[in-house]
$ cat start_36.csv   # CSV, C-alpha atoms
chain,number,residue,atom,x,y,z
A,1,MET,CA,7.1,-65.4,53.2
A,2,THR,CA,9.4,-66.9,50.6
A,3,VAL,CA,10.4,-64.3,48.0
A,4,ASP,CA,11.1,-65.1,44.4
A,5,PRO,CA,13.4,-62.4,43.1
A,6,ARG,CA,12.2,-62.9,39.5
A,7,PHE,CA,8.9,-61.4,40.3
A,8,ALA,CA,9.9,-58.6,42.8
A,9,GLU,CA,8.5,-55.7,40.8
A,10,PRO,CA,6.1,-53.0,42.0
A,11,LEU,CA,3.0,-52.5,39.9
A,12,ALA,CA,2.9,-48.7,40.3
A,13,ARG,CA,5.0,-45.9,41.8
A,14,ASP,CA,2.1,-44.3,43.5
A,15,PRO,CA,-0.1,-46.7,45.4
A,16,ARG,CA,-2.9,-44.2,45.4
A,17,SER,CA,-3.2,-44.2,41.6
A,18,LEU,CA,-4.3,-47.0,39.3
A,19,ASP,CA,-1.4,-46.1,36.9
A,20,VAL,CA,-3.0,-47.9,34.0
A,21,TRP,CA,-0.1,-48.1,31.5
A,22,PRO,CA,2.7,-48.9,34.1
A,23,THR,CA,0.5,-51.5,35.7
A,24,PHE,CA,-0.3,-53.1,32.3
A,25,LEU,CA,3.4,-53.2,31.4
A,26,ALA,CA,4.5,-54.6,34.8
A,27,ALA,CA,1.7,-57.3,34.6
A,28,THR,CA,2.7,-58.1,31.0
A,29,ARG,CA,6.3,-58.7,32.2
A,30,THR,CA,5.1,-60.9,35.0
A,31,TRP,CA,3.0,-62.9,32.5
A,32,GLY,CA,6.1,-63.3,30.3
A,33,LYS,CA,7.9,-64.9,33.2
A,34,LEU,CA,4.9,-67.2,33.9
A,35,ALA,CA,4.0,-67.8,30.3
A,36,GLY,CA,5.8,-71.1,29.7
A,37,GLY,CA,4.3,-72.9,32.7
A,38,GLN,CA,0.8,-71.5,32.3
A,39,PHE,CA,0.8,-72.2,28.6
A,40,LEU,CA,1.5,-75.9,29.3
A,41,LEU,CA,-1.1,-75.9,32.1
A,42,PHE,CA,-3.8,-74.5,29.8
A,43,ALA,CA,-2.7,-76.5,26.7
A,44,ALA,CA,-2.8,-79.7,28.7
A,45,VAL,CA,-6.5,-79.1,29.2
A,46,LEU,CA,-7.7,-77.2,26.1
A,47,VAL,CA,-5.9,-79.1,23.4
A,48,PRO,CA,-7.5,-82.5,24.2
A,49,VAL,CA,-10.9,-81.0,24.8
A,50,LEU,CA,-11.0,-79.0,21.5
A,51,ALA,CA,-9.4,-81.8,19.6
A,52,LEU,CA,-12.2,-84.1,20.9
A,53,PHE,CA,-14.7,-81.5,19.7
A,54,GLY,CA,-13.1,-81.4,16.3
A,55,LEU,CA,-13.2,-85.2,16.1
A,56,ALA,CA,-16.8,-85.5,17.3
A,57,ALA,CA,-18.3,-82.5,15.5
A,58,PRO,CA,-16.2,-81.7,12.4
A,59,GLY,CA,-18.9,-79.7,10.7
A,60,LEU,CA,-19.9,-77.6,13.7
A,61,SER,CA,-16.3,-76.9,14.7
A,62,GLY,CA,-15.5,-75.7,11.3
A,63,ALA,CA,-18.6,-73.4,11.2
A,64,MET,CA,-17.6,-71.9,14.6
A,65,LEU,CA,-14.2,-71.0,13.2
A,66,GLY,CA,-15.7,-69.2,10.3
A,67,ALA,CA,-15.7,-72.0,7.6
A,68,THR,CA,-18.8,-72.9,5.5
A,69,PRO,CA,-19.3,-76.7,5.7
A,70,ASP,CA,-21.6,-78.4,3.3
A,71,VAL,CA,-23.7,-80.0,5.9
A,72,ILE,CA,-23.9,-80.1,9.8
A,73,ASP,CA,-25.2,-83.1,11.5
A,74,PRO,CA,-27.8,-82.0,14.1
A,75,ASN,CA,-26.4,-84.6,16.5
A,76,GLU,CA,-23.2,-82.6,16.6
A,77,LEU,CA,-25.1,-80.2,19.0
A,78,TRP,CA,-25.0,-83.0,21.6
A,79,SER,CA,-21.2,-83.2,21.1
A,80,LEU,CA,-21.0,-79.4,21.6
A,81,GLY,CA,-22.9,-79.6,24.9
A,82,GLY,CA,-20.7,-82.4,26.3
A,83,VAL,CA,-17.5,-80.8,25.2
A,84,ALA,CA,-18.5,-77.4,26.5
A,85,LEU,CA,-19.4,-78.9,29.9
A,86,LEU,CA,-16.1,-80.7,30.1
A,87,GLY,CA,-14.2,-77.6,28.9
A,88,MET,CA,-15.8,-75.3,31.4
A,89,THR,CA,-15.1,-77.8,34.3
A,90,ALA,CA,-11.5,-78.4,33.5
A,91,GLY,CA,-10.8,-74.9,32.2
A,92,GLY,CA,-12.4,-73.3,35.3
A,93,LEU,CA,-10.1,-75.4,37.6
A,94,VAL,CA,-7.0,-74.4,35.6
A,95,GLY,CA,-8.1,-70.8,35.5
A,96,ILE,CA,-8.3,-70.7,39.4
A,97,ALA,CA,-4.8,-72.3,39.5
A,98,ALA,CA,-3.5,-69.6,37.1
A,99,MET,CA,-5.0,-66.9,39.4
A,100,LEU,CA,-3.2,-68.3,42.4
A,101,GLN,CA,0.1,-68.4,40.5
A,102,ALA,CA,-0.4,-64.8,39.2
A,103,ASP,CA,-1.3,-63.5,42.6
A,104,ALA,CA,1.8,-65.0,44.1
A,105,ALA,CA,4.0,-63.7,41.3
A,106,LEU,CA,2.7,-60.2,41.3
A,107,VAL,CA,3.9,-59.7,44.9
A,108,GLY,CA,7.2,-61.6,44.6
A,109,ARG,CA,6.1,-64.7,46.5
A,110,ALA,CA,7.3,-68.1,45.5
A,111,VAL,CA,5.0,-69.2,42.7
A,112,PRO,CA,3.3,-72.6,43.4
A,113,GLY,CA,3.9,-75.3,40.8
A,114,ALA,CA,1.1,-76.6,38.6
A,115,GLY,CA,0.3,-79.5,41.0
A,116,SER,CA,0.2,-77.4,44.1
A,117,ALA,CA,-1.9,-74.7,42.4
A,118,LEU,CA,-4.4,-77.2,41.1
A,119,SER,CA,-4.6,-78.9,44.5
A,120,GLU,CA,-5.3,-75.6,46.1
A,121,ALA,CA,-7.7,-74.6,43.4
A,122,ILE,CA,-10.0,-77.6,44.0
A,123,GLY,CA,-11.0,-76.3,47.4
A,124,ARG,CA,-11.9,-72.9,46.0
A,125,VAL,CA,-14.1,-74.1,43.2
A,126,PRO,CA,-17.5,-73.9,45.2
A,127,ALA,CA,-17.0,-70.3,46.2
A,128,VAL,CA,-15.8,-69.3,42.7
A,129,VAL,CA,-18.7,-71.0,41.0
A,130,ALA,CA,-21.2,-69.5,43.5
A,131,SER,CA,-19.6,-66.0,42.9
A,132,TYR,CA,-20.0,-66.4,39.1
A,133,VAL,CA,-23.7,-67.5,39.5
A,134,LEU,CA,-24.5,-64.5,41.7
A,135,PHE,CA,-22.6,-62.2,39.3
A,136,ILE,CA,-24.6,-63.4,36.4
A,137,LEU,CA,-27.9,-63.1,38.3
A,138,LEU,CA,-27.0,-59.6,39.5
A,139,VAL,CA,-26.2,-58.4,35.9
A,140,MET,CA,-28.6,-60.5,33.8
A,141,ILE,CA,-31.8,-60.2,35.8
A,142,PRO,CA,-32.0,-56.4,35.4
A,143,TYR,CA,-31.4,-56.8,31.7
A,144,LEU,CA,-34.3,-59.2,31.4
A,145,ILE,CA,-36.5,-57.0,33.5
A,146,CYS,CA,-35.8,-54.1,31.1
A,147,PHE,CA,-36.1,-55.9,27.8
A,148,ILE,CA,-38.7,-58.7,28.2
A,149,PRO,CA,-41.7,-56.4,28.7
A,150,LEU,CA,-40.9,-54.8,25.3
A,151,PHE,CA,-41.4,-58.0,23.5
A,152,LEU,CA,-44.5,-59.0,25.6
A,153,PHE,CA,-46.6,-55.9,25.5
A,154,LEU,CA,-45.5,-53.7,22.5
A,155,PRO,CA,-47.4,-54.6,19.3
A,156,ARG,CA,-45.8,-56.1,16.2
A,157,ASP,CA,-46.8,-55.8,12.6
A,158,ALA,CA,-47.4,-58.8,10.5
A,159,SER,CA,-44.3,-58.0,8.5
A,160,GLY,CA,-42.0,-57.7,11.5
A,161,PRO,CA,-41.4,-55.6,14.6
A,162,SER,CA,-43.5,-52.4,14.8
A,163,PRO,CA,-42.0,-49.0,14.9
A,164,ALA,CA,-43.1,-48.7,18.6
A,165,LEU,CA,-41.1,-51.8,19.4
A,166,VAL,CA,-38.0,-50.6,17.7
A,167,ILE,CA,-38.2,-47.2,19.4
A,168,GLY,CA,-38.8,-48.9,22.7
A,169,ILE,CA,-35.8,-51.2,22.3
A,170,VAL,CA,-33.5,-48.2,21.4
A,171,LEU,CA,-34.7,-46.1,24.3
A,172,THR,CA,-34.4,-48.9,26.8
A,173,PHE,CA,-30.9,-49.7,25.5
A,174,LEU,CA,-29.8,-46.0,25.9
A,175,VAL,CA,-31.3,-45.7,29.4
A,176,ALA,CA,-30.7,-49.1,30.9
A,177,VAL,CA,-27.5,-50.4,29.4
A,178,PRO,CA,-25.0,-47.9,30.9
A,179,PRO,CA,-26.0,-48.5,34.6
A,180,LEU,CA,-26.2,-52.3,34.0
A,181,ALA,CA,-22.7,-52.2,32.3
A,182,ALA,CA,-21.5,-50.3,35.4
A,183,LEU,CA,-22.9,-53.1,37.6
A,184,SER,CA,-20.9,-55.7,35.6
A,185,ILE,CA,-17.7,-53.7,36.3
A,186,LEU,CA,-18.5,-53.2,40.0
A,187,PHE,CA,-19.0,-56.9,40.6
A,188,ARG,CA,-16.4,-58.2,38.1
A,189,PHE,CA,-13.8,-59.0,40.7
A,190,GLY,CA,-16.0,-61.2,42.9
A,191,PRO,CA,-14.9,-64.5,41.4
A,192,ILE,CA,-11.2,-63.5,41.5
A,193,LEU,CA,-11.5,-62.5,45.1
A,194,ALA,CA,-13.2,-65.8,45.9
A,195,ALA,CA,-10.2,-67.6,44.2
A,196,VAL,CA,-7.2,-65.7,45.5
A,197,ARG,CA,-8.5,-64.3,48.9
A,198,GLU,CA,-10.7,-67.2,49.9
A,199,ARG,CA,-13.8,-65.0,50.3
A,200,GLY,CA,-17.3,-66.4,50.3
A,201,PRO,CA,-19.5,-65.6,47.3
A,202,VAL,CA,-21.4,-62.8,48.9
A,203,ALA,CA,-18.4,-61.3,50.7
A,204,SER,CA,-16.4,-61.4,47.5
A,205,LEU,CA,-19.0,-59.5,45.5
A,206,LYS,CA,-19.4,-56.9,48.3
A,207,GLU,CA,-15.6,-56.4,48.3
A,208,SER,CA,-15.5,-56.1,44.5
A,209,PHE,CA,-18.2,-53.4,44.7
A,210,ALA,CA,-16.2,-51.5,47.3
A,211,LEU,CA,-12.9,-51.7,45.4
A,212,ALA,CA,-14.3,-50.6,42.0
A,213,ARG,CA,-16.8,-48.0,43.2
A,214,GLY,CA,-15.6,-44.5,42.1
A,215,ARG,CA,-13.0,-45.9,39.8
A,216,ILE,CA,-15.2,-47.4,37.0
A,217,TRP,CA,-13.8,-45.3,34.2
A,218,ARG,CA,-10.2,-46.2,35.0
A,219,VAL,CA,-11.1,-49.9,35.4
A,220,ILE,CA,-12.9,-49.8,32.0
A,221,GLY,CA,-9.9,-48.2,30.4
A,222,TYR,CA,-7.7,-50.9,31.8
A,223,LEU,CA,-10.0,-53.7,30.7
A,224,VAL,CA,-10.3,-52.2,27.2
A,225,LEU,CA,-6.5,-52.2,26.9
A,226,VAL,CA,-6.4,-55.9,28.0
A,227,GLY,CA,-9.3,-56.7,25.7
A,228,VAL,CA,-7.6,-55.3,22.7
A,229,ALA,CA,-4.4,-57.3,23.4
A,230,VAL,CA,-6.4,-60.5,24.0
A,231,GLN,CA,-8.6,-60.0,20.9
A,232,ALA,CA,-5.5,-59.5,18.7
A,233,ALA,CA,-4.1,-62.8,19.9
A,234,MET,CA,-7.5,-64.6,19.5
A,235,THR,CA,-7.9,-63.1,16.0
A,236,GLY,CA,-4.5,-64.5,15.0
A,237,ALA,CA,-5.4,-67.9,16.4
A,238,VAL,CA,-8.7,-68.0,14.5
A,239,SER,CA,-7.0,-67.0,11.3
A,240,LEU,CA,-4.4,-69.8,11.7
A,241,ALA,CA,-7.1,-72.3,12.7
A,242,VAL,CA,-9.2,-71.5,9.6
A,243,MET,CA,-6.1,-72.1,7.4
A,244,ALA,CA,-5.8,-75.5,9.1
A,245,ILE,CA,-9.4,-76.6,8.4
A,246,PRO,CA,-8.6,-78.1,5.0
A,247,VAL,CA,-6.0,-80.3,6.7
A,248,HIS,CA,-8.5,-81.6,9.3
A,249,PRO,CA,-11.0,-80.1,11.8
A,250,VAL,CA,-8.9,-81.6,14.6
A,251,ALA,CA,-5.8,-79.7,13.4
A,252,ALA,CA,-7.8,-76.5,13.3
A,253,CYS,CA,-9.1,-77.0,16.9
A,254,PHE,CA,-5.5,-77.9,18.0
A,255,VAL,CA,-4.2,-74.5,16.6
A,256,TYR,CA,-7.1,-72.6,18.1
A,257,ALA,CA,-6.5,-74.3,21.5
A,258,LEU,CA,-2.9,-73.2,21.4
A,259,GLY,CA,-4.0,-69.6,20.8
A,260,ILE,CA,-6.4,-69.7,23.8
A,261,ALA,CA,-3.6,-71.2,25.9
A,262,VAL,CA,-1.6,-68.0,25.3
A,263,ALA,CA,-4.5,-65.5,25.5
A,264,ILE,CA,-6.3,-66.6,28.6
A,265,PRO,CA,-3.3,-66.7,31.0
A,266,PHE,CA,-2.4,-63.2,29.8
A,267,GLN,CA,-5.9,-62.0,30.7
A,268,VAL,CA,-5.8,-63.8,34.1
A,269,VAL,CA,-2.5,-62.1,35.1
A,270,GLN,CA,-3.8,-58.7,33.9
A,271,GLU,CA,-7.0,-58.9,35.9
A,272,VAL,CA,-5.3,-60.2,39.0
A,273,ALA,CA,-2.9,-57.3,38.7
A,274,LEU,CA,-5.8,-54.9,38.3
A,275,LEU,CA,-7.3,-56.3,41.5
A,276,ARG,CA,-4.0,-55.9,43.3
A,277,ARG,CA,-3.8,-52.2,42.2
A,278,LEU,CA,-7.4,-51.6,43.5
A,279,GLU,CA,-6.5,-53.2,46.8
A,280,GLY,CA,-3.3,-51.0,47.0
A,281,MET,CA,-5.4,-47.9,46.3
A,282,ARG,CA,-7.8,-48.8,49.1
A,283,ASP,CA,-5.0,-49.6,51.6
A,284,ALA,CA,-2.6,-46.7,50.7
A,285,PRO,CA,-2.2,-44.1,53.4
A,286,ALA,CA,-3.6,-40.6,52.7
A,287,GLY,CA,-1.1,-37.8,52.1
A,288,ASP,CA,-0.3,-34.8,50.0
A,289,GLU,CA,2.9,-36.2,48.4
A,290,PRO,CA,2.9,-39.1,46.0
A,291,LEU,CA,4.0,-42.4,47.5
A,292,SER,CA,6.0,-45.0,45.8
A,293,ASP,CA,5.7,-48.8,46.0
A,294,ALA,CA,9.5,-49.2,46.1
A,295,THR,CA,12.4,-46.9,46.8
A,296,ASP,CA,15.2,-46.3,44.4
A,297,ASP,CA,17.9,-47.4,46.8
A,298,ASP,CA,18.4,-49.4,49.9
A,299,THR,CA,19.1,-46.5,52.2
A,300,PRO,CA,17.2,-47.2,55.5
A,301,ALA,CA,14.8,-44.7,56.7
A,302,PRO,CA,16.1,-42.5,59.6
A,303,GLU,CA,15.2,-43.6,63.0
A,304,PRO,CA,13.1,-41.2,65.1
A,305,GLU,CA,14.9,-39.3,67.8
A,306,PRO,CA,14.3,-40.5,71.3
A,307,GLU,CA,12.2,-38.2,73.5
A,308,PRO,CA,14.2,-36.5,76.3
A,309,ILE,CA,14.0,-38.1,79.7
A,310,PRO,CA,12.7,-35.6,82.3
$ encode --input "start_36.csv" --output "structure tokens"
Amino acid sequence: MTVDPRFAEPLARDPRSLDVWPTFLAATRTWGKLAGGQFLLFAAVLVPVLALFGLAAPGLSGAMLGATPDVIDPNELWSLGGVALLGMTAGGLVGIAAMLQADAALVGRAVPGAGSALSEAIGRVPAVVASYVLFILLVMIPYLICFIPLFLFLPRDASGPSPALVIGIVLTFLVAVPPLAALSILFRFGPILAAVRERGPVASLKESFALARGRIWRVIGYLVLVGVAVQAAMTGAVSLAVMAIPVHPVAACFVYALGIAVAIPFQVVQEVALLRRLEGMRDAPAGDEPLSDATDDDTPAPEPEPEPIP
């Protein structure tokens, strides 16, 4: 294995613990070292796609960024659909490439360049897409099973939803949402495993469930921390984009694309780091004393004494 000394940094001192804050900081430093290349990688895709959207649907693009345009042409919805499909295809491919780069960097391997990562990502697209589809089905179908009967069978008043419908929705939300949210956490790492471990869609979801089971609250805490940082970056990008709307909708979309090109790679590196910590916790040997991922010095471990020859 070729080692890149720029990225040779342990994620946690104790491999049996998730170590939320140290892992977050180590992953953030890794993202900082990858940020330039990954920013260009995402910007090369997102800037043209969103600029095309701003050009083809100026009213709708302004409304999505929080502006209040005078009129929106209904035909702009077709532009939104076409740009969304193009963006998901190109953005998904770039996202897989970013996962591969992050996974290599987090263990100190030589990070593949953009061309190599994209070439490798192409072969993993089917498994990743299938994992996403299964993930959505596993999470969304139970939601639909819980909520659709409320709207089909509970009565409504002429003036709007009946009290029984409102009470039913609230009770269903309180009872059904927590376990369904837990399911979304348990299967969250399936697409990442399909990308960086070359697992099949079913195997990746099974492994994700095994890794996150029993650690849901710590995983949620980590994801909330990452979400706050990403949301702060996206809020800043939206604010700058809204300020650019009077110049031209394309300029606003350009600014917004730059913000996404910063925020998404950060989230990718953080989630791959979280996956690696969960794998480390699974593979760590059991013991009473805390174990460290790296020693403080280069002193070799003492060799065992040879057994006496009878």
$ closest_residue --input "start_36.csv" --among "A:Leu180, A:Arg282, A:Arg188, A:Tyr256" --to "Ala51 in chain A" --atoms "only C-alpha atoms"
A:Tyr256
$ closest_atom_pairs --input "start_36.csv" --of "range 111-178 of chain A" --to "range 206-228 of chain A" --cutoff "12 Å" --atoms "all atoms listed in the file" --output "Markdown table"
| residue | atom | partner | partner_atom | distance |
| --- | --- | --- | --- | --- |
| A:Ser131 | CA | A:Lys206 | CA | 10.6 |
| A:Leu134 | CA | A:Lys206 | CA | 11.3 |
| A:Phe135 | CA | A:Ser208 | CA | 10.7 |
| A:Leu138 | CA | A:Lys206 | CA | 11.9 |
| A:Pro178 | CA | A:Ile216 | CA | 11.6 |
$ atom_distance --input "start_36.csv" --atom1 "CA of Ile122 in chain A" --atom2 "CA of Gly87 in chain A"
15.7 Å
$ residues_near_point --input "start_36.csv" --point "(0.6, -61.8, 43.5)" --cutoff "10 Å" --atoms "all atoms listed in the file" --output "ChimeraX atom specification"
/A:7-8,30,99-111,196,269,272-273,275-276
$ axis_aligned_box --input "start_36.csv" --around "range 188-195 of chain A" --padding-each-side "3 Å" --output "AutoDock Vina command-line options"
--center_x -13.3 --center_y -62.9 --center_z 42.0 --size_x 12.2 --size_y 15.4 --size_z 13.8
$ residues_around --input "start_36.csv" --residues "Met140 in chain A" --least-positions-apart "3" --cutoff "12 Å" --atoms "all atoms listed in the file" --output "MDAnalysis selection string"
chainID A and resid 132:137 143:148 176:177 180:181 183:184
$ closest_residue --input "start_36.csv" --among "A:Val49, A:Val94, A:Ile264, A:Ala114" --to "Ser79 in chain A" --atoms "only C-alpha atoms"
A:Val49
$ closest_residue --input "start_36.csv" --among "A:Ala257, A:Ala263, A:Leu77, A:Pro201" --to "Gln231 in chain A" --atoms "all atoms listed in the file"
A:Ala263
$ atom_distance --input "start_36.csv" --atom1 "CA of Phe39 in chain A" --atom2 "CA of Ala127 in chain A"
25.1 Å
$ residues_around --input "start_36.csv" --residues "Gly81 in chain A" --least-positions-apart "4" --cutoff "12 Å" --atoms "all atoms listed in the file" --output "list in words"
Phe53, Ala56, Ala57, Leu60, Asn75, Glu76, Leu77, Leu85, Leu86, Gly87 and Met88 of chain A
$ atom_distance --input "start_36.csv" --atom1 "CA of Met234 in chain A" --atom2 "CA of Leu186 in chain A"
25.9 Å
$ closest_residue --input "start_36.csv" --among "A:Ala229, A:Ile260, A:Ala117, A:Ile192" --to "Ala241 in chain A" --atoms "only C-alpha atoms"
A:Ile260
$ closest_residue --input "start_36.csv" --among "A:Ser204, A:Ser17, A:Ser116, A:Thr89" --to "Val45 in chain A" --atoms "all atoms listed in the file"
A:Thr89
$ closest_residue --input "start_36.csv" --among "A:Pro285, A:Leu278, A:Phe254, A:Gly236" --to "Val20 in chain A" --atoms "only C-alpha atoms"
A:Leu278
$ residues_around --input "start_36.csv" --residues "Arg124 in chain A" --least-positions-apart "5" --cutoff "9 Å" --atoms "only C-alpha atoms" --output "PyMOL selection string"
chain A and resi 93+96+129+194-196+198
$ decode --input "start_36.csv" --residues "range 158-187 of chain A" --atoms "C-alpha atoms" --output "CSV table (one decimal), in the first residue's frame"
chain,number,residue,atom,x,y,z
A,158,ALA,CA,-66.2,20.4,5.0
A,159,SER,CA,-64.1,23.2,6.4
A,160,GLY,CA,-61.0,21.0,6.5
A,161,PRO,CA,-59.4,18.1,8.4
A,162,SER,CA,-61.6,16.7,11.2
A,163,PRO,CA,-60.3,16.6,14.8
A,164,ALA,CA,-60.1,12.8,14.6
A,165,LEU,CA,-57.8,13.2,11.6
A,166,VAL,CA,-55.6,15.7,13.4
A,167,ILE,CA,-55.4,13.5,16.5
A,168,GLY,CA,-54.6,10.4,14.4
A,169,ILE,CA,-51.8,12.2,12.6
A,170,VAL,CA,-50.3,13.4,15.8
A,171,LEU,CA,-50.5,9.9,17.5
A,172,THR,CA,-49.1,8.2,14.4
A,173,PHE,CA,-46.3,10.7,14.2
A,174,LEU,CA,-45.4,10.1,17.9
A,175,VAL,CA,-45.6,6.3,17.7
A,176,ALA,CA,-44.2,5.6,14.2
A,177,VAL,CA,-41.6,8.3,13.4
A,178,PRO,CA,-39.0,7.3,16.1
A,179,PRO,CA,-38.5,3.7,14.9
A,180,LEU,CA,-38.7,4.7,11.3
A,181,ALA,CA,-36.0,7.4,11.9
A,182,ALA,CA,-33.9,4.7,13.6
A,183,LEU,CA,-34.3,2.6,10.4
A,184,SER,CA,-33.0,5.5,8.3
A,185,ILE,CA,-29.9,5.7,10.6
A,186,LEU,CA,-29.3,1.9,10.5
A,187,PHE,CA,-29.3,1.7,6.7
